[in-house]
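Text of the file structure28.txt, holding compact mmCIF, C-alpha atoms:
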```
# COMPACT_ATOMS: atom_id res chain seq x y z
CA MET A 16 23.71 55.84 49.48
CA SER A 17 20.47 54.37 50.65
CA ALA A 18 18.06 52.20 48.70
CA VAL A 19 15.60 53.88 46.40
CA ALA A 20 12.72 55.34 48.33
CA VAL A 21 10.02 54.01 46.02
CA GLY A 22 10.83 50.38 46.63
CA ASN A 23 13.47 47.68 46.34
CA PRO A 24 14.69 46.92 42.82
CA THR A 25 13.57 43.66 41.27
CA HIS A 26 15.00 41.83 38.30
CA THR A 27 11.83 41.01 36.43
CA ALA A 28 11.96 40.48 32.69
CA LEU A 29 11.58 43.71 30.76
CA PRO A 30 8.60 43.78 28.36
CA ARG A 31 8.86 42.99 24.64
CA ALA A 32 8.03 46.59 23.73
CA PHE A 33 11.04 47.82 25.69
CA TRP A 34 13.39 45.47 23.84
CA ALA A 35 11.88 46.72 20.59
CA LEU A 36 12.85 50.24 21.69
CA TRP A 37 16.33 48.95 22.51
CA VAL A 38 16.71 47.42 19.04
CA CYS A 39 15.34 50.62 17.51
CA GLN A 40 17.93 52.74 19.34
CA LEU A 41 20.74 50.39 18.35
CA VAL A 42 19.75 50.30 14.66
CA ASN A 43 19.26 54.06 14.56
CA ARG A 44 22.72 54.71 16.02
CA LEU A 45 24.40 52.09 13.85
CA GLY A 46 23.40 54.24 10.89
CA SER A 47 24.23 57.65 12.38
CA PHE A 48 26.67 58.51 9.64
CA VAL A 49 25.68 61.94 8.40
CA GLN A 50 26.08 64.28 11.37
CA PRO A 51 29.73 63.44 12.21
CA PHE A 52 30.71 63.91 8.54
CA LEU A 53 28.34 66.73 7.61
CA VAL A 54 30.94 69.52 7.72
CA LEU A 55 33.38 67.47 5.64
CA TYR A 56 30.64 66.71 3.10
CA LEU A 57 29.65 70.36 2.80
CA THR A 58 33.21 71.62 2.39
CA HIS A 59 34.45 68.84 0.07
CA ASP A 60 31.42 67.95 -2.05
CA ARG A 61 29.45 71.20 -1.92
CA HIS A 62 32.56 73.44 -1.75
CA LEU A 63 31.18 75.61 1.05
CA SER A 64 33.47 77.58 3.32
CA ALA A 65 34.28 76.19 6.75
CA GLY A 66 32.25 78.97 8.37
CA THR A 67 29.18 78.28 6.25
CA ALA A 68 29.47 74.54 6.83
CA GLY A 69 29.71 75.14 10.56
CA ALA A 70 26.62 77.32 10.43
CA VAL A 71 24.69 74.56 8.62
CA ALA A 72 25.79 72.11 11.33
CA ALA A 73 24.51 74.64 13.88
CA ALA A 74 21.15 74.59 12.07
CA VAL A 75 21.01 70.86 12.77
CA GLY A 76 21.72 71.64 16.42
CA ALA A 77 18.97 74.26 16.51
CA GLY A 78 16.58 71.64 15.16
CA THR A 79 17.51 69.19 17.92
CA VAL A 80 16.80 71.81 20.59
CA CYS A 81 13.38 72.56 19.09
CA ALA A 82 12.73 68.82 18.77
CA GLN A 83 12.69 68.40 22.53
CA LEU A 84 9.72 70.73 22.96
CA VAL A 85 7.89 69.55 19.84
CA GLY A 86 8.54 65.88 20.60
CA GLY A 87 7.36 66.25 24.19
CA TRP A 88 4.17 68.05 23.10
CA LEU A 89 3.41 65.48 20.41
CA SER A 90 4.05 62.62 22.82
CA ASP A 91 1.42 63.90 25.22
CA ARG A 92 -1.07 65.09 22.60
CA VAL A 93 -1.03 62.53 19.77
CA GLY A 94 0.86 59.70 21.41
CA ARG A 95 4.34 58.27 21.88
CA ARG A 96 4.10 55.78 19.00
CA VAL A 97 2.93 58.31 16.42
CA THR A 98 5.70 60.71 17.47
CA MET A 99 8.37 58.06 17.01
CA LEU A 100 6.97 57.06 13.62
CA ILE A 101 7.00 60.70 12.47
CA CYS A 102 10.58 60.92 13.72
CA PHE A 103 12.06 57.90 11.99
CA PHE A 104 10.18 57.98 8.69
CA GLY A 105 10.44 61.77 8.51
CA THR A 106 14.17 61.69 9.22
CA GLY A 107 14.69 59.23 6.38
CA VAL A 108 13.05 61.65 3.94
CA ALA A 109 14.90 64.67 5.35
CA LEU A 110 18.28 62.94 5.03
CA VAL A 111 17.69 62.07 1.38
CA LEU A 112 16.62 65.65 0.67
CA LEU A 113 19.68 67.07 2.45
CA GLY A 114 22.00 64.75 0.52
CA SER A 115 20.50 65.84 -2.80
CA ALA A 116 20.06 69.54 -2.01
CA ARG A 117 21.94 71.96 -4.25
CA SER A 118 20.61 75.40 -3.31
CA MET A 119 21.66 76.96 -0.01
CA ALA A 120 18.04 77.60 0.92
CA LEU A 121 17.22 73.89 0.64
CA ILE A 122 20.39 72.91 2.50
CA TRP A 123 19.47 75.21 5.42
CA VAL A 124 15.87 73.97 5.57
CA THR A 125 16.69 70.27 5.29
CA ALA A 126 19.54 70.56 7.82
CA PHE A 127 17.14 72.05 10.34
CA LEU A 128 14.59 69.31 9.55
CA VAL A 129 17.19 66.59 10.06
CA GLY A 130 17.84 67.97 13.55
CA LEU A 131 14.16 68.51 14.31
CA LEU A 132 12.78 65.21 13.04
CA GLY A 133 15.81 63.21 14.10
CA ASP A 134 15.43 64.07 17.78
CA LEU A 135 11.65 63.94 18.15
CA PHE A 136 11.97 60.40 19.46
CA ARG A 137 13.94 61.30 22.59
CA PRO A 138 11.12 62.56 24.83
CA ALA A 139 8.79 59.96 23.29
CA VAL A 140 11.14 57.08 24.10
CA GLN A 141 11.77 58.32 27.63
CA ALA A 142 8.06 58.76 28.26
CA THR A 143 7.33 55.29 26.82
CA VAL A 144 9.83 53.66 29.18
CA ALA A 145 8.22 55.49 32.11
CA ASP A 146 4.78 54.33 30.90
CA LEU A 147 5.80 50.68 30.48
CA LEU A 148 7.91 50.12 33.59
CA GLN A 149 7.61 50.46 37.32
CA PRO A 150 9.86 53.09 38.96
CA THR A 151 12.22 50.41 40.31
CA GLU A 152 12.95 49.14 36.79
CA ARG A 153 13.52 52.48 35.07
CA VAL A 154 17.17 52.99 35.98
CA ARG A 155 18.01 49.59 34.53
CA ALA A 156 16.00 50.31 31.39
CA TYR A 157 17.43 53.78 30.74
CA GLY A 158 20.92 52.40 31.31
CA LEU A 159 20.37 49.68 28.71
CA LEU A 160 19.13 52.25 26.18
CA PHE A 161 22.19 54.41 26.84
CA TRP A 162 24.41 51.38 26.28
CA ALA A 163 22.67 50.54 22.99
CA ILE A 164 23.11 54.13 21.77
CA ASN A 165 26.83 54.13 22.51
CA LEU A 166 27.40 50.64 21.12
CA GLY A 167 25.72 51.67 17.87
CA PHE A 168 27.56 54.99 17.69
CA SER A 169 30.94 53.34 18.34
CA VAL A 170 30.39 51.01 15.39
CA SER A 171 28.98 53.75 13.14
CA THR A 172 31.93 56.10 13.58
CA VAL A 173 34.26 53.40 12.24
CA SER A 174 32.01 52.16 9.43
CA ALA A 175 31.13 55.71 8.36
CA GLY A 176 34.77 56.39 7.55
CA VAL A 177 34.85 53.31 5.32
CA LEU A 178 31.60 54.23 3.56
CA ALA A 179 32.75 57.82 3.07
CA SER A 180 35.65 56.53 0.97
CA PHE A 181 33.03 55.50 -1.62
CA GLY A 182 31.43 58.95 -1.56
CA TYR A 183 29.63 61.05 1.02
CA GLY A 184 26.33 60.60 -0.79
CA LEU A 185 26.21 56.97 0.30
CA LEU A 186 26.19 58.07 3.94
CA PHE A 187 22.87 59.88 3.47
CA TRP A 188 21.16 56.88 1.86
CA VAL A 189 22.39 54.33 4.41
CA ASN A 190 21.56 56.66 7.31
CA ALA A 191 18.06 57.15 5.85
CA ALA A 192 17.63 53.39 5.41
CA THR A 193 18.50 52.63 9.04
CA SER A 194 16.09 55.34 10.15
CA VAL A 195 13.31 53.67 8.16
CA VAL A 196 14.20 50.27 9.64
CA ALA A 197 13.99 51.78 13.12
CA GLY A 198 10.55 53.16 12.21
CA LEU A 199 9.41 49.72 11.04
CA VAL A 200 10.48 48.23 14.38
CA ILE A 201 8.27 50.78 16.15
CA TRP A 202 5.41 50.15 13.70
CA MET A 203 5.42 46.38 14.24
CA MET A 204 6.45 45.95 17.87
CA VAL A 205 5.73 49.03 20.01
CA PRO A 206 2.12 49.74 20.99
CA GLU A 207 0.88 53.12 22.15
CA SER A 208 1.62 53.52 25.86
CA ARG A 209 0.30 57.01 26.62
CA PRO A 210 -1.95 56.80 29.70
CA ALA A 211 -5.59 57.33 28.77
CA PRO A 212 -7.07 60.49 30.35
CA GLU A 213 -9.91 60.06 32.78
CA ASP A 214 -13.36 60.64 31.34
CA ASN A 215 -13.91 64.01 32.99
CA SER A 216 -10.32 65.20 33.05
CA VAL A 217 -9.20 68.35 31.28
CA ARG A 218 -5.86 68.37 29.54
CA ARG A 219 -3.57 70.77 31.35
CA SER A 220 -1.36 73.34 29.71
CA LEU A 221 2.33 72.95 30.43
CA LEU A 222 3.34 76.52 31.29
CA PRO A 223 1.07 77.15 34.32
CA VAL A 224 2.22 73.89 35.87
CA VAL A 225 5.92 74.41 35.19
CA VAL A 226 6.15 77.97 36.52
CA ARG A 227 4.79 76.72 39.87
CA ASP A 228 7.04 73.66 39.93
CA THR A 229 10.10 75.01 41.71
CA VAL A 230 11.75 71.60 42.03
CA PHE A 231 11.49 71.01 38.29
CA LEU A 232 12.85 74.47 37.44
CA LEU A 233 15.84 73.91 39.72
CA MET A 234 16.42 70.54 38.05
CA ILE A 235 16.42 72.29 34.67
CA LEU A 236 19.09 74.74 35.85
CA ILE A 237 21.18 71.88 37.20
CA GLN A 238 20.80 70.02 33.89
CA ILE A 239 22.09 73.09 32.01
CA GLY A 240 25.07 73.27 34.36
CA TYR A 241 25.87 69.60 33.82
CA ALA A 242 25.67 69.89 30.01
CA THR A 243 27.92 72.95 30.16
CA ILE A 244 30.61 70.86 31.85
CA TYR A 245 30.07 67.79 29.68
CA MET A 246 30.46 69.64 26.37
CA GLN A 247 34.02 70.62 27.27
CA GLY A 248 35.03 67.15 26.12
CA TYR A 249 34.05 67.99 22.56
CA SER A 250 35.02 71.67 22.39
CA THR A 251 37.66 72.79 24.90
CA LEU A 252 39.49 69.48 25.40
CA PRO A 253 40.90 69.21 21.85
CA LEU A 254 42.13 72.81 22.03
CA ALA A 255 43.78 72.27 25.42
CA MET A 256 45.48 69.09 24.19
CA SER A 257 46.72 70.98 21.13
CA GLU A 258 48.25 73.67 23.38
CA ASP A 259 50.12 70.87 25.13
CA GLY A 260 51.58 69.80 21.78
CA LEU A 261 49.34 66.76 21.29
CA SER A 262 47.98 65.99 17.82
CA SER A 263 44.38 65.79 16.70
CA ARG A 264 44.93 62.06 16.17
CA THR A 265 45.88 61.74 19.84
CA TYR A 266 42.72 63.59 20.81
CA GLY A 267 40.71 61.18 18.65
CA LEU A 268 42.22 58.20 20.41
CA VAL A 269 41.73 59.72 23.86
CA ILE A 270 38.10 60.71 23.30
CA ALA A 271 37.42 57.27 21.81
CA LEU A 272 37.97 55.94 25.35
CA ASN A 273 34.61 57.52 26.21
CA GLY A 274 32.73 55.08 23.99
CA VAL A 275 34.95 52.13 24.88
CA VAL A 276 34.45 52.62 28.63
CA ILE A 277 30.69 53.01 28.22
CA VAL A 278 30.34 49.84 26.15
CA LEU A 279 32.55 47.76 28.47
CA VAL A 280 31.63 49.14 31.88
CA GLN A 281 27.97 50.24 31.76
CA PRO A 282 26.44 46.72 31.91
CA PHE A 283 28.31 46.05 35.16
CA LEU A 284 27.69 49.43 36.79
CA GLY A 285 24.04 49.34 35.72
CA LYS A 286 23.38 46.34 37.96
CA TRP A 287 24.75 48.28 40.93
CA PHE A 288 23.07 51.58 40.11
CA VAL A 289 19.55 50.12 40.43
CA LYS A 290 20.19 49.55 44.15
CA LEU A 291 21.05 53.18 44.89
CA ASP A 292 19.08 56.29 45.74
CA ARG A 293 18.32 57.89 42.37
CA PRO A 294 18.56 61.63 43.19
CA LYS A 295 21.74 61.11 45.21
CA LEU A 296 23.29 58.93 42.52
CA LEU A 297 22.50 61.68 40.02
CA ALA A 298 24.23 64.23 42.27
CA ALA A 299 27.29 62.03 42.72
CA SER A 300 27.52 61.35 38.97
CA MET A 301 27.52 65.06 38.19
CA LEU A 302 30.25 65.60 40.78
CA VAL A 303 32.40 62.86 39.20
CA VAL A 304 32.00 64.47 35.78
CA GLY A 305 33.05 67.88 37.13
CA LEU A 306 36.04 66.46 39.00
CA GLY A 307 36.99 64.36 35.98
CA PHE A 308 37.33 67.48 33.87
CA GLY A 309 39.09 69.16 36.79
CA VAL A 310 41.89 66.62 36.41
CA GLY A 311 42.83 68.53 33.26
CA ALA A 312 44.25 71.30 35.47
CA VAL A 313 47.20 69.11 36.50
CA VAL A 314 47.88 66.96 33.42
CA HIS A 315 49.71 67.68 30.17
CA SER A 316 50.36 64.21 28.69
CA TRP A 317 48.12 61.97 26.60
CA TRP A 318 47.78 59.44 29.40
CA GLY A 319 46.82 62.18 31.88
CA TYR A 320 44.03 63.34 29.59
CA ALA A 321 43.05 59.68 29.12
CA VAL A 322 42.63 59.35 32.90
CA SER A 323 40.46 62.47 32.87
CA VAL A 324 38.23 61.03 30.12
CA VAL A 325 37.83 57.72 31.95
CA VAL A 326 36.85 59.48 35.19
CA TRP A 327 34.21 61.75 33.65
CA THR A 328 32.90 58.89 31.53
CA ILE A 329 32.14 56.93 34.71
CA GLY A 330 30.12 59.92 35.89
CA GLU A 331 28.40 60.17 32.51
CA ILE A 332 27.28 56.53 32.77
CA GLY A 333 25.64 57.21 36.12
CA PHE A 334 24.02 60.40 34.88
CA ALA A 335 22.60 58.81 31.72
CA ALA A 336 21.25 55.80 33.60
CA VAL A 337 19.36 57.82 36.20
CA ILE A 338 18.39 61.20 34.72
CA GLY A 339 15.41 59.84 32.80
CA ALA A 340 14.18 57.95 35.84
CA VAL A 341 14.43 61.03 38.06
CA PHE A 342 12.45 63.17 35.60
CA ALA A 343 9.91 60.35 35.18
CA ASP A 344 9.42 60.33 38.96
CA LEU A 345 9.10 64.12 38.95
CA ALA A 346 6.69 64.59 36.04
CA PRO A 347 2.89 64.65 36.37
CA ILE A 348 1.58 61.64 34.43
CA ASP A 349 -0.40 63.72 31.91
CA LEU A 350 2.62 65.98 31.22
CA ARG A 351 5.28 63.29 31.19
CA GLY A 352 6.30 63.73 27.55
CA ARG A 353 6.55 67.49 27.80
CA TYR A 354 8.56 67.34 31.02
CA MET A 355 10.96 64.96 29.27
CA GLY A 356 11.11 67.36 26.33
CA LEU A 357 12.00 70.31 28.56
CA SER A 358 14.70 68.20 30.18
CA GLY A 359 16.20 67.48 26.76
CA MET A 360 15.94 71.14 25.79
CA ALA A 361 17.82 72.14 28.95
CA PHE A 362 20.63 69.81 27.98
CA GLY A 363 20.58 71.38 24.51
CA VAL A 364 20.95 74.85 26.03
CA GLY A 365 23.98 73.59 27.93
CA THR A 366 25.51 72.27 24.70
CA VAL A 367 25.35 75.82 23.35
CA ILE A 368 26.67 77.51 26.52
CA GLY A 369 29.40 74.94 27.16
CA PRO A 370 31.55 75.41 24.04
CA LEU A 371 31.23 79.21 24.23
CA ALA A 372 32.13 79.39 27.91
CA GLY A 373 34.90 76.81 27.79
CA THR A 374 36.75 78.02 24.71
CA ASN A 375 36.62 81.65 25.85
CA ALA A 376 37.83 80.69 29.32
CA LEU A 377 40.69 78.74 27.77
CA GLU A 378 41.68 81.68 25.57
CA HIS A 379 41.50 84.42 28.20
CA LEU A 380 42.10 82.62 31.52
CA GLY A 381 44.17 79.60 30.56
CA PRO A 382 43.66 75.84 30.95
CA THR A 383 44.22 75.63 34.70
CA VAL A 384 41.42 78.08 35.53
CA THR A 385 39.16 76.52 32.89
CA TRP A 386 39.43 73.00 34.26
CA LEU A 387 39.25 74.13 37.88
CA GLY A 388 36.11 76.04 36.91
CA CYS A 389 34.59 72.75 35.70
CA ALA A 390 35.41 71.16 39.04
CA VAL A 391 33.89 74.06 40.98
CA LEU A 392 30.73 73.98 38.86
CA GLY A 393 30.56 70.23 39.43
CA VAL A 394 30.67 70.75 43.18
CA ALA A 395 27.97 73.44 42.97
CA ILE A 396 25.52 71.31 40.99
CA PHE A 397 26.28 68.35 43.28
CA ILE A 398 25.24 70.41 46.29
CA GLY A 399 22.13 71.65 44.51
CA GLN A 400 21.08 68.21 43.29
CA TYR A 401 21.78 66.53 46.64
CA SER A 402 19.71 69.19 48.41
CA LEU A 403 16.75 68.42 46.14
CA ALA A 404 16.74 64.72 47.04
CA PRO A 405 14.04 64.92 49.77
CA ALA A 406 11.70 66.90 47.52
CA LEU A 407 12.26 64.47 44.64
CA HIS A 408 11.48 61.50 46.87
CA ALA A 409 8.28 63.17 48.06
CA ARG A 410 7.21 63.86 44.46
CA ALA A 411 7.99 60.29 43.39
CA GLU A 412 5.88 58.88 46.21
CA ALA A 413 3.01 61.27 45.42
CA ASN A 414 3.04 60.39 41.71
CA ALA A 415 3.23 56.67 42.49
CA GLY A 416 0.20 57.06 44.76
CA ASN A 417 -1.72 58.96 42.08
CA ALA A 418 -0.93 56.28 39.49
CA ALA A 419 -2.05 53.52 41.84
CA SER A 420 -5.37 55.23 42.57
CA ALA A 421 -6.10 56.08 38.90
```
Please express what this file holds, its structure, as structure tokens.
Amino acid sequence: MSAVAVGNPTHTALPRAFWALWVCQLVNRLGSFVQPFLVLYLTHDRHLSAGTAGAVAAAVGAGTVCAQLVGGWLSDRVGRRVTMLICFFGTGVALVLLGSARSMALIWVTAFLVGLLGDLFRPAVQATVADLLQPTERVRAYGLLFWAINLGFSVSTVSAGVLASFGYGLLFWVNAATSVVAGLVIWMMVPESRPAPEDNSVRRSLLPVVVRDTVFLLMILIQIGYATIYMQGYSTLPLAMSEDGLSSRTYGLVIALNGVVIVLVQPFLGKWFVKLDRPKLLAASMLVVGLGFGVGAVVHSWWGYAVSVVVWTIGEIGFAAVIGAVFADLAPIDLRGRYMGLSGMAFGVGTVIGPLAGTNALEHLGPTVTWLGCAVLGVAIFIGQYSLAPALHARAEANAGNAASA
């Protein structure tokens, strides 16, 4: 792969506001206790059926999908900082309300709000990084944020089990407290970064721009395809391992390799990724994820599935490090937050399609066809993404020129 078209990477110190975002992400994920244990809480403490508990969890997911659009719109309209403050302080309140809710109506509403408010920060954070940093530093920055998220989540999944032994209610309060702490970090250390509009400029509506942006629309389709593959790790994989006679505990240990590899490997790969062509690295990362799941077609042992997880995790690291930078290069400056929001929403759509497609394929076509299908889809989105590289470079150069002349 060639060097990034927009310039050679430098290793300048990242600004204080970025490290505040990094700390914020880490703290927020360290306290992410509720969502992994929500179904258990609802079935054990609230005595709901498994189906009802699953539907409530889906309400959280619906909120996260909506949050991408709302968060992107707020980021561009009222500012990145305000959006993040609404997110973290609002999530703290919503978590306390969900933990104390007794009626089903309040449980449904607060579950949706937890998803909505809890994910507002994603487009705001991505847009803030793009505002603060030059294009050559963004891959490094997004990679560090991804590492912080996974480090925090790896710790939280262990500590949440310990806290849950004292009662599920404690999870809601501690999760809410860490959300408030994250909000205080933003309040004290992150200034507003939204570019000021020119005096005579008119704020553009998103839809007319997007429908004419063929490159962006193709990127959205590719993002949905990638998320469809990726979600097999959390939906189809445990079922396939069970069919091979492997226990749920074995699946837990195998999937835990995902977080371990990210925490141990990402800092080293991140230094190499900044030297590569971003659109082509994105294409290659998607291919590795698809082929990693494709390994499942020829393995039946725990160590074979472990190899599969390690391979697609390497691809995931590359994808997570570069996807935000690619969309930042692609987005018009005044629509940056909303473009990031649509990107997140596309991933959310894939998280809905993926489990449905994968589990049905496993049931009706068998594991071999299912995993080979992941590999074929990985090849298809690789070809599509690689083909878009020249157009993405041209857009990045045009946006860099516009920013320099503003």
Tell me, as a compact mmCIF listing (two decimals) with C-alpha atoms, in the coordinates of the input, which residues lie within 9 Å of range 107-116 of chain A, counting all atoms listed in the file; anything in the same chain fewer than 2 positions away does not count.
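Saved file out.txt follows:
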```txt
# COMPACT_ATOMS: atom_id res chain seq x y z
CA VAL A 49 25.68 61.94 8.40
CA CYS A 102 10.58 60.92 13.72
CA PHE A 103 12.06 57.90 11.99
CA PHE A 104 10.18 57.98 8.69
CA GLY A 105 10.44 61.77 8.51
CA SER A 118 20.61 75.40 -3.31
CA MET A 119 21.66 76.96 -0.01
CA ALA A 120 18.04 77.60 0.92
CA LEU A 121 17.22 73.89 0.64
CA ILE A 122 20.39 72.91 2.50
CA TRP A 123 19.47 75.21 5.42
CA VAL A 124 15.87 73.97 5.57
CA THR A 125 16.69 70.27 5.29
CA ALA A 126 19.54 70.56 7.82
CA LEU A 128 14.59 69.31 9.55
CA VAL A 129 17.19 66.59 10.06
CA LEU A 132 12.78 65.21 13.04
CA GLY A 133 15.81 63.21 14.10
CA TYR A 183 29.63 61.05 1.02
CA GLY A 184 26.33 60.60 -0.79
CA LEU A 185 26.21 56.97 0.30
CA LEU A 186 26.19 58.07 3.94
CA PHE A 187 22.87 59.88 3.47
CA TRP A 188 21.16 56.88 1.86
CA ASN A 190 21.56 56.66 7.31
CA ALA A 191 18.06 57.15 5.85
CA ALA A 192 17.63 53.39 5.41
CA THR A 193 18.50 52.63 9.04
CA SER A 194 16.09 55.34 10.15
CA VAL A 195 13.31 53.67 8.16
```
How close does each residue of range 180-290 of chain A get to range 339-347 of chain A, giving the shortest atom pair and distance in Å to one decimal for every residue with an atom at most 9 Å away, counting only C-alpha atoms, sorted by chain and residue number, as a Markdown table?
```
| residue | atom | partner | partner_atom | distance |
| --- | --- | --- | --- | --- |
| A:Val230 | CA | A:Leu345 | CA | 8.5 |
| A:Phe231 | CA | A:Leu345 | CA | 7.3 |
| A:Met234 | CA | A:Phe342 | CA | 8.7 |
```
Counting only C-alpha atoms, the residue among A:Thr374, A:Thr328, A:Thr243, A:Thr366 that lies closest to Leu392 in chain A is A:Thr243
Within 9 Å of (3.1, 59.2, 22.7), only C-alpha atoms: residues as number ranges by chain? A: 86-99, 138-140, 142-143, 207-210, 352
Of the candidates A:Tyr241, A:Tyr249, A:Tyr157, A:Phe48, which one gets nearest to Phe288 in chain A if we count only C-alpha atoms?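 Ranked by minimum distance to Phe288 in chain A, first place goes to A:Tyr157.
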Show me, as an MDAnalysis selection string, the residues that have an atom within 9 Å of range 251-263 of chain A when counting only C-alpha atoms, minus same-chain residues fewer than 2 positions from it. chainID A and resid 246:249 265:268 308 311 315:317 320 369:370 373:375 377 381:382 385
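The nearest approach to Leu45 in chain A among the residues A:Ser174, A:Gln83, A:Thr27, A:Thr67, with all atoms listed in the file taken into account, belongs to A:Ser174.
Checking A:Ile244, A:Leu233, A:Leu57, A:Ala163 one by one against Ala404 in chain A, counting all atoms listed in the file, you find the shortest gap at A:Leu233.
Taking all atoms listed in the file into account, Asn43 in chain A lies nearest to A:Ala197 out of the set A:Ala197, A:Val75, A:Leu371, A:Val189.
One distance worth recording is that between CA of Gln281 in chain A and CA of Tyr401 in chain A, which is 22.9 Å.
One finds CA of Leu36 in chain A at 21.2 Å from CA of Leu284 in chain A.
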Just how far from CA of Arg117 in chain A is CA of Gly182 in chain A, in Å to one decimal?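 Here the two named atoms are 16.3 Å from each other.
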I need the residue nearest Asp60 in chain A from this list: A:Ala376, A:Val85, A:Ala179, A:Leu166. Use all atoms listed in the file for the distance.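 Selected residue with least distance to Asp60 in chain A: A:Ala179.
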For range 135-142 of chain A, take all atoms listed in the file, fit an axis-aligned box around them, add 5 Å to each of the six sides, then output centre and edge lengths in Å rounded to one decimal, as lines of an AutoDock Vina configuration file.
```
center_x = 11.0
center_y = 60.5
center_z = 23.2
size_x = 15.9
size_y = 16.9
size_z = 20.1
```
